[in-house]
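Structure file target_33.json; described as JSON, C-alpha atoms.
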[["chain", "number", "residue", "atom", "x", "y", "z"],
["A", 1, "MET", "CA", 9.08, 22.11, -17.75],
["A", 2, "SER", "CA", 7.94, 25.50, -16.49],
["A", 3, "GLY", "CA", 4.76, 25.41, -18.57],
["A", 4, "ASN", "CA", 5.41, 29.05, -19.55],
["A", 5, "ARG", "CA", 4.50, 30.10, -16.04],
["A", 6, "PRO", "CA", 5.95, 33.37, -14.68],
["A", 7, "GLY", "CA", 8.16, 33.43, -11.64],
["A", 8, "GLU", "CA", 10.32, 30.84, -9.93],
["A", 9, "ASP", "CA", 9.36, 27.58, -8.19],
["A", 10, "ASN", "CA", 10.52, 27.37, -4.57],
["A", 11, "THR", "CA", 10.19, 24.72, -1.87],
["A", 12, "ASP", "CA", 8.12, 25.30, 1.26],
["A", 13, "ALA", "CA", 11.02, 24.37, 3.52],
["A", 14, "ARG", "CA", 13.37, 26.23, 5.80],
["A", 15, "LYS", "CA", 15.96, 28.28, 3.94],
["A", 16, "GLN", "CA", 18.97, 26.17, 3.13],
["A", 17, "SER", "CA", 22.46, 27.26, 3.90],
["A", 18, "GLU", "CA", 24.70, 27.91, 0.91],
["A", 19, "GLY", "CA", 26.66, 24.79, 1.73],
["A", 20, "SER", "CA", 23.58, 22.62, 1.46],
["A", 21, "LEU", "CA", 22.56, 23.93, -1.94],
["A", 22, "SER", "CA", 25.07, 21.70, -3.63],
["A", 23, "ALA", "CA", 23.61, 18.53, -2.15],
["A", 24, "PRO", "CA", 22.31, 16.26, -4.89],
["A", 25, "ALA", "CA", 18.56, 16.27, -5.32],
["A", 26, "PRO", "CA", 16.61, 13.01, -5.75],
["A", 27, "MET", "CA", 16.96, 11.73, -9.27],
["A", 28, "ASP", "CA", 14.15, 12.11, -11.80],
["A", 29, "MET", "CA", 13.40, 9.16, -14.02],
["A", 30, "ASP", "CA", 12.92, 9.18, -17.77],
["A", 31, "VAL", "CA", 9.95, 7.27, -19.12],
["A", 32, "ASP", "CA", 10.72, 5.99, -22.59],
["A", 33, "ALA", "CA", 7.71, 3.82, -23.41],
["A", 34, "LYS", "CA", 4.63, 5.97, -23.80],
["A", 35, "PRO", "CA", 1.51, 5.80, -25.92],
["A", 36, "HIS", "CA", 1.30, 8.09, -28.92],
["A", 37, "SER", "CA", -1.66, 9.89, -27.41],
["A", 38, "HIS", "CA", -2.02, 11.00, -23.81],
["A", 39, "SER", "CA", -3.92, 8.54, -21.63],
["A", 40, "PHE", "CA", -5.38, 8.93, -18.16],
["A", 41, "ARG", "CA", -5.41, 5.16, -17.62],
["A", 42, "TYR", "CA", -2.46, 2.94, -16.78],
["A", 43, "SER", "CA", -1.73, 0.55, -19.60],
["A", 44, "LEU", "CA", -2.51, -3.12, -19.08],
["A", 45, "ASN", "CA", -0.98, -4.01, -22.43],
["A", 46, "PHE", "CA", 1.64, -6.32, -20.93],
["A", 47, "PRO", "CA", 2.02, -10.11, -20.85],
["A", 48, "SER", "CA", 1.36, -10.14, -17.08],
["A", 49, "MET", "CA", -0.56, -8.06, -14.54],
["A", 50, "GLY", "CA", 2.49, -8.47, -12.32],
["A", 51, "GLN", "CA", 3.46, -9.92, -8.98],
["A", 52, "CYS", "CA", 1.54, -9.75, -5.70],
["A", 53, "ILE", "CA", 3.76, -10.30, -2.67],
["A", 54, "ILE", "CA", 1.97, -11.04, 0.63],
["A", 55, "ILE", "CA", 3.93, -10.89, 3.89],
["A", 56, "ASN", "CA", 1.84, -12.50, 6.60],
["A", 57, "ASN", "CA", 3.26, -12.26, 10.12],
["A", 58, "LYS", "CA", 1.31, -14.15, 12.76],
["A", 59, "ASN", "CA", 3.77, -15.42, 15.39],
["A", 60, "PHE", "CA", 6.31, -13.16, 17.09],
["A", 61, "ASP", "CA", 9.39, -13.69, 19.22],
["A", 62, "ARG", "CA", 8.63, -13.46, 22.92],
["A", 63, "LYS", "CA", 11.18, -10.65, 23.34],
["A", 64, "THR", "CA", 9.07, -8.35, 21.17],
["A", 65, "GLY", "CA", 6.11, -8.53, 23.56],
["A", 66, "MET", "CA", 3.80, -8.83, 20.54],
["A", 67, "ASN", "CA", 0.75, -11.08, 20.68],
["A", 68, "GLN", "CA", -0.10, -13.74, 18.12],
["A", 69, "ARG", "CA", -2.19, -12.28, 15.30],
["A", 70, "ASN", "CA", -5.04, -14.80, 15.12],
["A", 71, "GLY", "CA", -7.19, -14.31, 12.03],
["A", 72, "THR", "CA", -4.34, -13.10, 9.82],
["A", 73, "ASP", "CA", -4.21, -16.40, 7.91],
["A", 74, "VAL", "CA", -7.79, -15.71, 6.79],
["A", 75, "ASP", "CA", -6.66, -12.32, 5.49],
["A", 76, "ALA", "CA", -3.70, -13.83, 3.63],
["A", 77, "GLY", "CA", -5.87, -16.53, 2.08],
["A", 78, "ASN", "CA", -8.54, -14.07, 0.95],
["A", 79, "ALA", "CA", -5.99, -11.66, -0.51],
["A", 80, "MET", "CA", -4.26, -14.50, -2.33],
["A", 81, "LYS", "CA", -7.53, -15.62, -3.96],
["A", 82, "VAL", "CA", -8.71, -12.13, -4.91],
["A", 83, "PHE", "CA", -5.49, -10.95, -6.53],
["A", 84, "ALA", "CA", -4.91, -14.27, -8.26],
["A", 85, "LYS", "CA", -8.35, -13.90, -9.87],
["A", 86, "LEU", "CA", -7.34, -10.44, -11.05],
["A", 87, "GLY", "CA", -4.39, -12.01, -12.86],
["A", 88, "TYR", "CA", -1.52, -11.52, -10.41],
["A", 89, "LYS", "CA", 1.20, -14.05, -9.66],
["A", 90, "VAL", "CA", 0.83, -14.32, -5.90],
["A", 91, "LYS", "CA", 3.53, -15.37, -3.44],
["A", 92, "VAL", "CA", 2.92, -15.61, 0.31],
["A", 93, "TYR", "CA", 5.71, -15.32, 2.89],
["A", 94, "ASN", "CA", 4.72, -16.29, 6.43],
["A", 95, "ASP", "CA", 6.34, -15.20, 9.72],
["A", 96, "GLN", "CA", 9.18, -13.15, 8.29],
["A", 97, "THR", "CA", 11.90, -11.56, 10.40],
["A", 98, "VAL", "CA", 12.93, -7.99, 9.62],
["A", 99, "GLU", "CA", 15.95, -9.24, 7.70],
["A", 100, "GLN", "CA", 13.86, -11.76, 5.77],
["A", 101, "MET", "CA", 11.35, -9.06, 4.78],
["A", 102, "LYS", "CA", 14.18, -6.87, 3.56],
["A", 103, "GLN", "CA", 15.67, -9.74, 1.59],
["A", 104, "VAL", "CA", 12.36, -10.75, 0.00],
["A", 105, "LEU", "CA", 11.40, -7.25, -1.13],
["A", 106, "THR", "CA", 14.92, -6.28, -2.16],
["A", 107, "ALA", "CA", 15.11, -9.37, -4.35],
["A", 108, "VAL", "CA", 11.72, -8.61, -5.92],
["A", 109, "SER", "CA", 12.69, -4.99, -6.54],
["A", 110, "LYS", "CA", 15.79, -6.14, -8.42],
["A", 111, "GLU", "CA", 13.84, -8.48, -10.72],
["A", 112, "ASP", "CA", 12.96, -7.47, -14.26],
["A", 113, "HIS", "CA", 9.32, -6.29, -14.32],
["A", 114, "ILE", "CA", 9.42, -5.20, -17.93],
["A", 115, "CYS", "CA", 6.63, -7.65, -18.84],
["A", 116, "SER", "CA", 4.45, -6.62, -15.87],
["A", 117, "ALA", "CA", 1.72, -3.98, -15.85],
["A", 118, "SER", "CA", 1.98, -3.28, -12.12],
["A", 119, "PHE", "CA", 3.11, -4.50, -8.70],
["A", 120, "ILE", "CA", 1.17, -5.25, -5.51],
["A", 121, "CYS", "CA", 2.41, -5.81, -1.96],
["A", 122, "VAL", "CA", 0.13, -6.80, 0.94],
["A", 123, "LEU", "CA", 1.68, -6.35, 4.39],
["A", 124, "LEU", "CA", -0.02, -8.04, 7.36],
["A", 125, "SER", "CA", 1.51, -7.57, 10.81],
["A", 126, "HIS", "CA", 1.69, -5.48, 13.96],
["A", 127, "GLY", "CA", 2.74, -1.89, 13.47],
["A", 128, "ASP", "CA", 3.04, 1.62, 14.82],
["A", 129, "GLU", "CA", 3.18, 5.00, 13.12],
["A", 130, "GLY", "CA", 5.73, 4.68, 10.33],
["A", 131, "VAL", "CA", 6.94, 1.22, 11.32],
["A", 132, "PHE", "CA", 6.05, -2.36, 10.44],
["A", 133, "PHE", "CA", 6.90, -5.44, 12.49],
["A", 134, "GLY", "CA", 8.79, -8.52, 11.48],
["A", 135, "THR", "CA", 8.63, -11.46, 13.86],
["A", 136, "ASP", "CA", 11.74, -10.23, 15.72],
["A", 137, "GLY", "CA", 11.37, -6.44, 15.69],
["A", 138, "SER", "CA", 10.36, -3.43, 13.64],
["A", 139, "VAL", "CA", 11.53, -1.72, 10.47],
["A", 140, "GLU", "CA", 10.59, 1.64, 8.98],
["A", 141, "LEU", "CA", 7.80, 1.07, 6.51],
["A", 142, "ARG", "CA", 9.45, 3.56, 4.18],
["A", 143, "TYR", "CA", 12.53, 1.35, 3.96],
["A", 144, "LEU", "CA", 10.41, -1.45, 2.49],
["A", 145, "THR", "CA", 8.33, 0.66, 0.11],
["A", 146, "SER", "CA", 11.22, 2.82, -1.13],
["A", 147, "LEU", "CA", 12.88, -0.25, -2.64],
["A", 148, "PHE", "CA", 10.42, 0.20, -5.52],
["A", 149, "ARG", "CA", 11.07, 3.88, -6.18],
["A", 150, "GLY", "CA", 11.69, 4.84, -9.76],
["A", 151, "ASP", "CA", 15.44, 5.23, -9.28],
["A", 152, "ARG", "CA", 15.74, 1.81, -7.63],
["A", 153, "CYS", "CA", 13.34, -0.36, -9.64],
["A", 154, "LYS", "CA", 13.52, 1.02, -13.15],
["A", 155, "SER", "CA", 11.40, -1.69, -14.79],
["A", 156, "LEU", "CA", 8.40, -0.46, -12.76],
["A", 157, "VAL", "CA", 8.86, 3.22, -13.66],
["A", 158, "GLY", "CA", 5.55, 4.68, -14.80],
["A", 159, "LYS", "CA", 3.64, 1.62, -13.56],
["A", 160, "PRO", "CA", 1.37, 1.47, -10.50],
["A", 161, "LYS", "CA", 2.90, 0.11, -7.30],
["A", 162, "LEU", "CA", 0.13, -0.70, -4.81],
["A", 163, "PHE", "CA", 0.74, -1.34, -1.10],
["A", 164, "PHE", "CA", -2.07, -2.59, 1.14],
["A", 165, "ILE", "CA", -1.02, -2.38, 4.78],
["A", 166, "GLN", "CA", -2.90, -4.05, 7.62],
["A", 167, "ALA", "CA", -1.19, -2.87, 10.81],
["A", 168, "CYS", "CA", -1.75, -0.52, 13.72],
["A", 169, "ARG", "CA", -0.44, 3.04, 13.34],
["A", 170, "GLY", "CA", -0.63, 4.03, 17.00],
["A", 171, "THR", "CA", -2.75, 3.47, 20.10],
["A", 172, "ASP", "CA", -5.63, 5.91, 19.69],
["A", 173, "LEU", "CA", -9.17, 4.54, 19.64],
["A", 174, "ASP", "CA", -12.00, 5.95, 17.53],
["A", 175, "PRO", "CA", -15.23, 6.07, 19.58],
["A", 176, "GLY", "CA", -17.36, 6.99, 16.58],
["A", 177, "ILE", "CA", -20.07, 9.62, 16.36],
["A", 178, "GLU", "CA", -23.76, 9.40, 15.50],
["A", 179, "THR", "CA", -24.77, 11.07, 12.23],
["A", 180, "ASP", "CA", -28.06, 12.05, 10.60],
["A", 181, "SER", "CA", -27.48, 12.03, 7.61],
["A", 182, "GLY", "CA", 3.25, 11.79, -24.97],
["A", 183, "GLU", "CA", 5.81, 10.84, -27.72],
["A", 184, "ASP", "CA", 8.97, 12.43, -26.27],
["A", 185, "PRO", "CA", 10.66, 11.09, -23.11],
["A", 186, "ILE", "CA", 9.37, 12.86, -20.04],
["A", 187, "LYS", "CA", 10.62, 13.13, -16.49],
["A", 188, "ILE", "CA", 8.53, 11.95, -13.59],
["A", 189, "PRO", "CA", 9.22, 12.03, -9.83],
["A", 190, "VAL", "CA", 10.82, 8.93, -8.37],
["A", 191, "GLU", "CA", 7.98, 8.78, -5.81],
["A", 192, "ALA", "CA", 5.28, 8.80, -8.50],
["A", 193, "ASP", "CA", 2.83, 5.97, -9.21],
["A", 194, "PHE", "CA", 2.57, 4.64, -5.66],
["A", 195, "LEU", "CA", -0.62, 3.98, -3.73],
["A", 196, "TYR", "CA", -0.50, 3.22, -0.01],
["A", 197, "ALA", "CA", -3.75, 1.85, 1.40],
["A", 198, "PHE", "CA", -3.45, 1.86, 5.19],
["A", 199, "SER", "CA", -5.96, -0.05, 7.25],
["A", 200, "THR", "CA", -6.40, 2.86, 9.64],
["A", 201, "ALA", "CA", -5.77, 6.57, 10.06],
["A", 202, "PRO", "CA", -2.44, 7.82, 11.47],
["A", 203, "GLY", "CA", -2.13, 7.28, 15.21],
["A", 204, "TYR", "CA", -4.93, 4.72, 15.54],
["A", 205, "TYR", "CA", -5.36, 1.06, 16.34],
["A", 206, "SER", "CA", -6.34, -1.30, 13.52],
["A", 207, "TRP", "CA", -8.93, -3.96, 14.31],
["A", 208, "ARG", "CA", -8.78, -7.66, 13.45],
["A", 209, "ASN", "CA", -11.32, -10.38, 14.24],
["A", 210, "THR", "CA", -9.70, -13.62, 15.38],
["A", 211, "MET", "CA", -12.07, -15.72, 13.28],
["A", 212, "THR", "CA", -12.89, -13.67, 10.18],
["A", 213, "GLY", "CA", -9.73, -11.57, 9.81],
["A", 214, "SER", "CA", -9.12, -7.83, 9.86],
["A", 215, "TRP", "CA", -11.90, -5.39, 9.05],
["A", 216, "PHE", "CA", -9.79, -3.75, 6.36],
["A", 217, "ILE", "CA", -8.66, -6.85, 4.48],
["A", 218, "GLN", "CA", -12.17, -8.36, 4.72],
["A", 219, "SER", "CA", -13.59, -5.21, 3.16],
["A", 220, "LEU", "CA", -10.80, -4.87, 0.59],
["A", 221, "CYS", "CA", -11.24, -8.44, -0.64],
["A", 222, "ASP", "CA", -15.03, -8.11, -0.71],
["A", 223, "MET", "CA", -14.95, -4.91, -2.77],
["A", 224, "MET", "CA", -12.20, -6.18, -5.07],
["A", 225, "SER", "CA", -14.17, -9.38, -5.71],
["A", 226, "LYS", "CA", -17.34, -7.46, -6.54],
["A", 227, "TYR", "CA", -15.95, -4.49, -8.47],
["A", 228, "GLY", "CA", -12.32, -5.26, -9.38],
["A", 229, "LYS", "CA", -13.13, -6.00, -13.01],
["A", 230, "GLU", "CA", -15.19, -2.87, -13.65],
["A", 231, "VAL", "CA", -14.48, -0.02, -11.23],
["A", 232, "GLU", "CA", -11.39, 2.19, -10.98],
["A", 233, "LEU", "CA", -9.12, 1.44, -7.99],
["A", 234, "GLN", "CA", -9.61, 4.64, -6.03],
["A", 235, "HIS", "CA", -13.38, 4.33, -6.38],
["A", 236, "ILE", "CA", -13.06, 0.78, -5.05],
["A", 237, "MET", "CA", -11.01, 2.07, -2.11],
["A", 238, "THR", "CA", -13.69, 4.64, -1.31],
["A", 239, "ARG", "CA", -16.17, 1.76, -1.09],
["A", 240, "VAL", "CA", -13.70, -0.07, 1.18],
["A", 241, "ASN", "CA", -13.56, 2.99, 3.43],
["A", 242, "HIS", "CA", -17.36, 3.11, 3.55],
["A", 243, "LYS", "CA", -17.69, -0.57, 4.40],
["A", 244, "VAL", "CA", -15.14, -0.43, 7.22],
["A", 245, "ALA", "CA", -16.56, 2.80, 8.62],
["A", 246, "VAL", "CA", -20.22, 1.79, 8.55],
["A", 247, "GLU", "CA", -20.41, -1.99, 8.90],
["A", 248, "PHE", "CA", -17.86, -2.66, 11.65],
["A", 249, "GLU", "CA", -17.73, -1.89, 15.36],
["A", 250, "SER", "CA", -15.53, -3.56, 17.95],
["A", 251, "SER", "CA", -16.89, -6.10, 20.40],
["A", 252, "SER", "CA", -14.44, -6.53, 23.26],
["A", 253, "ASN", "CA", -14.44, -7.48, 26.92],
["A", 254, "SER", "CA", -11.39, -5.30, 27.53],
["A", 255, "PRO", "CA", -12.18, -2.02, 29.31],
["A", 256, "GLY", "CA", -12.22, 0.89, 26.88],
["A", 257, "PHE", "CA", -12.01, -1.26, 23.76],
["A", 258, "HIS", "CA", -15.71, -1.96, 23.21],
["A", 259, "ALA", "CA", -17.83, -0.26, 20.51],
["A", 260, "LYS", "CA", -14.92, 1.39, 18.70],
["A", 261, "LYS", "CA", -14.75, 2.32, 15.02],
["A", 262, "GLN", "CA", -12.09, 2.49, 12.28],
["A", 263, "ILE", "CA", -11.47, 4.33, 9.02],
["A", 264, "PRO", "CA", -8.83, 3.30, 6.47],
["A", 265, "CYS", "CA", -6.50, 5.91, 4.98],
["A", 266, "ILE", "CA", -5.63, 5.94, 1.28],
["A", 267, "VAL", "CA", -2.51, 7.86, 0.24],
["A", 268, "SER", "CA", -2.14, 8.13, -3.52],
["A", 269, "MET", "CA", 0.69, 9.30, -5.71],
["A", 270, "LEU", "CA", -0.85, 7.60, -8.72],
["A", 271, "THR", "CA", -0.72, 9.70, -11.88],
["A", 272, "LYS", "CA", -3.36, 7.80, -13.83],
["A", 273, "GLU", "CA", -6.50, 5.78, -13.24],
["A", 274, "MET", "CA", -5.93, 2.15, -12.31],
["A", 275, "TYR", "CA", -8.25, -0.49, -13.70],
["A", 276, "PHE", "CA", -7.67, -4.22, -13.34],
["A", 277, "SER", "CA", -9.19, -5.05, -16.71],
["A", 278, "PRO", "CA", -8.97, -3.37, -20.14]]
Write the structure described by the file as structure tokens, please.
Amino acid sequence: MSGNRPGEDNTDARKQSEGSLSAPAPMDMDVDAKPHSHSFRYSLNFPSMGQCIIINNKNFDRKTGMNQRNGTDVDAGNAMKVFAKLGYKVKVYNDQTVEQMKQVLTAVSKEDHICSASFICVLLSHGDEGVFFGTDGSVELRYLTSLFRGDRCKSLVGKPKLFFIQACRGTDLDPGIETDSGEDPIKIPVEADFLYAFSTAPGYYSWRNTMTGSWFIQSLCDMMSKYGKEVELQHIMTRVNHKVAVEFESSSNSPGFHAKKQIPCIVSMLTKEMYFSP
């Protein structure tokens, strides 16, 4: 709908050639089931909160050159407990190859989620900017998340799809700095209703303690346990950001890796507020 606005809507992209104008645009999705009155909260009026899929990669093929991720089992265990208490059906998949990760998430995306209020995926592994590692190599993170787009997983259209990603996004280190102080069917974008919670900002390392787990998943599970039943998700994630930023600092014997900091990065395409209880 134009909303009775004057003028024409254009994209902020390079001018397309005439030949490219006929290329099909991404498909919009119709949302049929809507409340009679507009709501700014996602509905939890479903038989199930939904599935929580945890992919926990600890051991890697020697050819990848990736080290063992000690402490990740603590993360997986904590995430499993927290999301189970919030009502999710949790499944954990350990040490998955790229092909196995694709198979697991493709299969889940093809299931019928009509009785589910939402979907959660927790990804624990090595990574780099835009990529996530299976035990035998890397895959574009977008390949995994896009399986749940509105045009590919129609039973999750209009429902929140939450991805929590513990992985490096580059090799930069943060040294820190001292501080003082409706009724009719509507169309929605196929990329709508996603939230990507990255453990670190683009380009940076992500820290993990070999005994207590990663800073991000520790903080996420702590905040979810304390506030998951009462506080809206993005407010919870702000508290996660604060906890990671303020309460953690690296302790390392490796030159250049001591006394470093980290800040998670929350990317939201959610269109409503997400609460985990009515």
Can you pull out every residue within 12 Å of Asn209 in chain A, counting only C-alpha atoms, but drop anything in the same chain fewer than 3 positions away, and send it as a list in words?
->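 Everything that qualifies: Arg69, Asn70, Gly71, Thr72, Asp73, Val74, Asp75, Ser206, Thr212, Gly213, Ser214, Trp215, Phe216, Ile217, Gln218, Phe248, Glu249, Ser250, Ser251 and Ser252 of chain A.
Note that CA of Ile54 in chain A and CA of Ala245 in chain A are 24.5 Å apart.
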Residue neighbourhood Lys161 in chain A, 10 Å, all atoms listed in the file, exclusion window fewer than 6 positions, as a list of chain:residue names =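 What passes the distance filter is A:Gly50, A:Ala117, A:Ser118, A:Phe119, A:Ile120, A:Cys121, A:Thr145, A:Phe148, A:Arg149, A:Ala192, A:Asp193, A:Phe194, A:Leu195, A:Tyr196, A:Met269, A:Leu270.
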Please measure the separation of CA of Pro47 in chain A and CA of Glu191 in chain A, giving the value in Å to one decimal.
->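 About the pair CA of Pro47 in chain A and CA of Glu191 in chain A: they are 24.9 Å apart.
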Which polymer residues have any atom within 8 Å of an atom of range 79-89 of chain A, counting only C-alpha atoms, with same-chain residues fewer than 3 positions away left out, as number ranges by chain?
-> A: 48-52, 54, 75-76, 92, 122, 217, 221, 224-225, 228-229, 276
